[in-house]
Amino acid sequence: MISQISVKTMEAQQLFTNPAARLAYTQQALALANQAWTQPSFTIRDSSTMEASGSAQVKQKGFLQSSPGMMIQFAILGLTTCSMVLFLERKGKTLERLLTTPIRRAEIIGGHLLAVFLVIFLQELLLASFSQLFFGVDYLRQPFGILLMMAALALWVASLGLLIGVISTGAEKVILWSLTAMFLFSALGGAWFPLEVAGETFSTIGHLSPAAWAMDGFQNIVLRGQGTVSTFLPAGVLLAFAGAFFALAVWRFKLE
């Protein structure tokens with residue numbers, strides 16, 4: 001139909017000398033038309049599929065930031081319970097009765113540290129498993145590195161919680177110091193937003209916080225695709241902070 005219209009239009013503009021010329025022209029026009037159909041000058045693509053794919057990638061990357069961030073924030077939030085337990089034992093004279101036994105002060109603090117460590121570590125396992133199953137955050141890609149980071153994070157938080165419990169003089173002080181630590185370390189450490197977007201200066205200041213090193217360790221695996229070795233430095237920094245807080249807690253406890 002289209003070819004017939006084209007031929008008639010051309011006939012109206014140009015007179016053919018004979019039927020053979022008109023047939024040759026028609027065949028040439030059909031050949032050019034078929035060639036144009038096989039090699040179109042433009043194509044039509046469904047942009048909704050591309051937008052959906054891009055949106056899924058952005059959403060996935062968001063989980064890679066928020067999942068480790070929430071794990072760290074909720075671990076630090078456990079400071080309240082950890083610190084309050086030790087404070088109540090001090091206030092109720094439970095620790096004084098323990099001191100009448102052959103148990104040393106460092107062993108008493110160490111026992112509390114172990115109990116709190118287990119609670120925080122199990123909480124981290126639960127959050128990581130949930131993110132792995134429902135949000136596609138691949139913590140199992142390097143399980144040893146992730147477990148190392150979880151253990152280092154739990155030890156740091158537990159040690160800080162013990163220190164707060166030892167130095168606090170009232171229940172309201174325990175809550176105040178615990179919440180202050182949670183907000184300060186989470187914000188400075190990049191648990192709420194990537195430190196890279198805040199600039200180099202803020203990122204440098206943020207790495208004075210152990211939470212920033214914890215984020216580095218987790219994201220080296222789940223976001224940057226690095227190996228277990230990439231967690232050694234962040235885990236080492238967290239363990240150094242944990243040792244310092246534990247030593248301060250034991251020293252402060254001895255003064256009492």
# chains A, B, ... in the order shown; residues from 1 in each chain; ligands from 1
call {"tool": "residues_around", "arguments": {"residues": "His207 of chain A", "least_positions_apart": "6", "cutoff": "8 Å", "atoms": "only C-alpha atoms", "output": "tab-separated table (two decimals) with N, CA and C atoms, in the first residue's frame"}}
result
chain	number	residue	atom	x	y	z
A	188	LEU	N	29.75	11.15	63.97
A	188	LEU	CA	31.13	11.37	63.52
A	188	LEU	C	31.68	10.17	62.75
A	189	GLY	N	31.20	8.97	63.09
A	189	GLY	CA	31.76	7.77	62.48
A	189	GLY	C	31.16	7.37	61.16
A	213	TRP	N	36.14	3.64	61.98
A	213	TRP	CA	36.95	2.47	61.62
A	213	TRP	C	36.08	1.23	61.50
call {"tool": "residues_around", "arguments": {"residues": "segment 97-111 of chain A", "least_positions_apart": "6", "cutoff": "8 Å", "atoms": "only C-alpha atoms", "output": "PyMOL selection string"}}
result
chain A and resi 162+249-250+253-254
call {"tool": "write_last_selection", "arguments": {"atoms": "N, CA and C atoms", "output": "mmCIF file, in the first residue's frame"}}
result
data_model
loop_
_atom_site.group_PDB
_atom_site.id
_atom_site.type_symbol
_atom_site.label_atom_id
_atom_site.label_comp_id
_atom_site.auth_asym_id
_atom_site.auth_seq_id
_atom_site.Cartn_x
_atom_site.Cartn_y
_atom_site.Cartn_z
ATOM 1 N N LEU A 162 31.519 -0.499 80.211
ATOM 2 C CA LEU A 162 32.038 -0.739 81.564
ATOM 3 C C LEU A 162 32.640 0.527 82.144
ATOM 4 N N ALA A 249 38.732 1.444 82.929
ATOM 5 C CA ALA A 249 37.670 0.950 83.808
ATOM 6 C C ALA A 249 38.265 0.213 85.012
ATOM 7 N N VAL A 250 39.277 -0.614 84.788
ATOM 8 C CA VAL A 250 39.927 -1.344 85.890
ATOM 9 C C VAL A 250 40.623 -0.364 86.827
ATOM 10 N N PHE A 253 38.092 1.488 88.832
ATOM 11 C CA PHE A 253 37.463 0.582 89.798
ATOM 12 C C PHE A 253 38.377 0.343 90.978
ATOM 13 N N LYS A 254 39.692 0.334 90.746
ATOM 14 C CA LYS A 254 40.644 0.144 91.842
ATOM 15 C C LYS A 254 40.619 1.319 92.791
#
call {"tool": "atom_distance", "arguments": {"atom1": "atom CA of Lys173 of chain A", "atom2": "atom CA of Met84 of chain A"}}
result
9.7 Å
call {"tool": "residues_around", "arguments": {"residues": "Ala187 of chain A", "least_positions_apart": "4", "cutoff": "12 Å", "atoms": "only C-alpha atoms", "output": "number ranges by chain"}}
result
A: 69-70, 72-73, 76, 180-183, 191-195, 198, 202-203, 205-212, 215
call {"tool": "write_last_selection", "arguments": {"atoms": "N, CA and C atoms", "output": "CSV table (one decimal), in the first residue's frame"}}
result
chain,number,residue,atom,x,y,z
A,69,GLY,N,25.8,0.7,59.3
A,69,GLY,CA,25.5,1.9,60.2
A,69,GLY,C,24.6,1.6,61.3
A,70,MET,N,23.5,0.9,61.0
A,70,MET,CA,22.5,0.6,62.0
A,70,MET,C,23.1,-0.5,63.0
A,72,ILE,N,26.2,-0.7,63.9
A,72,ILE,CA,27.1,0.0,64.8
A,72,ILE,C,26.3,0.9,65.8
A,73,GLN,N,25.3,1.6,65.3
A,73,GLN,CA,24.5,2.4,66.2
A,73,GLN,C,23.8,1.6,67.3
A,76,ILE,N,26.2,0.5,69.9
A,76,ILE,CA,26.5,1.5,70.9
A,76,ILE,C,25.4,1.8,71.8
A,180,THR,N,24.9,10.2,74.8
A,180,THR,CA,25.9,11.1,74.2
A,180,THR,C,26.9,10.3,73.4
A,181,ALA,N,27.4,9.2,73.9
A,181,ALA,CA,28.3,8.4,73.1
A,181,ALA,C,27.7,7.9,71.8
A,182,MET,N,26.4,7.4,71.9
A,182,MET,CA,25.8,6.9,70.8
A,182,MET,C,25.6,7.9,69.7
A,183,PHE,N,25.1,9.1,70.0
A,183,PHE,CA,24.9,10.1,69.0
A,183,PHE,C,26.2,10.6,68.4
A,191,ALA,N,28.0,6.5,60.5
A,191,ALA,CA,26.9,5.5,60.6
A,191,ALA,C,25.6,6.0,60.0
A,192,TRP,N,25.4,7.3,60.0
A,192,TRP,CA,24.2,7.9,59.4
A,192,TRP,C,24.3,8.3,58.0
A,193,PHE,N,25.5,8.7,57.5
A,193,PHE,CA,25.8,9.1,56.2
A,193,PHE,C,27.2,8.8,55.8
A,194,PRO,N,27.6,8.6,54.6
A,194,PRO,CA,29.0,8.4,54.2
A,194,PRO,C,29.9,9.6,54.5
A,195,LEU,N,31.0,9.3,55.2
A,195,LEU,CA,31.9,10.5,55.5
A,195,LEU,C,32.4,11.1,54.2
A,198,ALA,N,30.9,14.4,53.2
A,198,ALA,CA,31.1,15.6,54.0
A,198,ALA,C,32.4,16.3,53.8
A,202,PHE,N,36.1,16.7,57.4
A,202,PHE,CA,35.2,16.0,58.3
A,202,PHE,C,35.5,14.5,58.4
A,203,SER,N,35.9,13.9,57.2
A,203,SER,CA,36.3,12.5,57.2
A,203,SER,C,37.5,12.2,58.1
A,205,ILE,N,38.4,14.1,60.8
A,205,ILE,CA,38.0,14.2,62.1
A,205,ILE,C,37.1,13.0,62.6
A,206,GLY,N,36.3,12.6,61.7
A,206,GLY,CA,35.5,11.4,62.0
A,206,GLY,C,36.2,10.2,62.3
A,207,HIS,N,37.4,10.0,61.7
A,207,HIS,CA,38.2,8.8,62.0
A,207,HIS,C,38.9,8.9,63.4
A,208,LEU,N,38.7,10.0,64.1
A,208,LEU,CA,39.1,9.9,65.5
A,208,LEU,C,38.1,9.1,66.3
A,209,SER,N,37.0,8.8,65.7
A,209,SER,CA,35.9,8.0,66.4
A,209,SER,C,36.1,6.5,66.0
A,210,PRO,N,36.1,5.6,66.9
A,210,PRO,CA,36.2,4.2,66.6
A,210,PRO,C,35.1,3.7,65.6
A,211,ALA,N,33.9,4.4,65.7
A,211,ALA,CA,32.8,4.0,64.8
A,211,ALA,C,33.2,4.1,63.3
A,212,ALA,N,34.0,5.1,63.0
A,212,ALA,CA,34.4,5.3,61.6
A,212,ALA,C,35.3,4.1,61.1
A,215,MET,N,33.0,1.2,60.5
A,215,MET,CA,32.3,1.4,59.2
A,215,MET,C,33.3,1.0,58.0
call {"tool": "closest_residue", "arguments": {"among": "A:Leu113, A:Leu147, A:Leu153, A:Leu179", "to": "Leu77 of chain A", "atoms": "only C-alpha atoms"}}
result
A:Leu179
call {"tool": "closest_residue", "arguments": {"among": "A:Phe63, A:Phe87, A:Trp177, A:Phe185", "to": "Phe134 of chain A", "atoms": "only C-alpha atoms"}}
result
A:Phe63
call {"tool": "atom_distance", "arguments": {"atom1": "atom CA of Ser129 of chain A", "atom2": "atom CA of Gly217 of chain A"}}
result
17.4 Å
call {"tool": "closest_atom_pairs", "arguments": {"of": "segment 92-189 of chain A", "to": "segment 222-237 of chain A", "cutoff": "12 Å", "atoms": "only C-alpha atoms", "output": "tab-separated table"}}
result
residue	atom	partner	partner_atom	distance
A:Ala128	CA	A:Val222	CA	11.1
A:Ser131	CA	A:Val222	CA	11.2
A:Gln132	CA	A:Val222	CA	10.4
A:Gly136	CA	A:Val222	CA	9.9
A:Val137	CA	A:Val222	CA	6.6
A:Asp138	CA	A:Val222	CA	5.8
A:Tyr139	CA	A:Val222	CA	6.2
A:Leu140	CA	A:Val222	CA	9.0
A:Arg141	CA	A:Val222	CA	7.7
A:Gln142	CA	A:Thr228	CA	6.2
A:Pro143	CA	A:Thr228	CA	8.3
A:Phe144	CA	A:Thr228	CA	6.8
A:Gly145	CA	A:Thr228	CA	4.5
A:Ile146	CA	A:Thr228	CA	7.9
A:Leu147	CA	A:Thr228	CA	10.0
A:Leu148	CA	A:Ala235	CA	6.9
A:Met149	CA	A:Ala235	CA	5.6
A:Met150	CA	A:Ala235	CA	8.8
A:Ala151	CA	A:Ala235	CA	8.5
A:Ala152	CA	A:Ala235	CA	5.6
A:Leu153	CA	A:Ala235	CA	7.7
A:Ala154	CA	A:Ala235	CA	10.7
A:Leu155	CA	A:Ala235	CA	10.3
A:Trp156	CA	A:Val237	CA	9.6
call {"tool": "closest_residue", "arguments": {"among": "A:Gly190, A:Gly161, A:Pro19, A:Gly199", "to": "Cys82 of chain A", "atoms": "only C-alpha atoms"}}
result
A:Gly161
call {"tool": "atom_distance", "arguments": {"atom1": "atom CA of Val119 of chain A", "atom2": "atom CA of Asn220 of chain A"}}
result
24.9 Å
call {"tool": "closest_residue", "arguments": {"among": "A:Ala244, A:Leu23, A:Leu79, A:Leu32", "to": "Leu176 of chain A", "atoms": "only C-alpha atoms"}}
result
A:Leu79
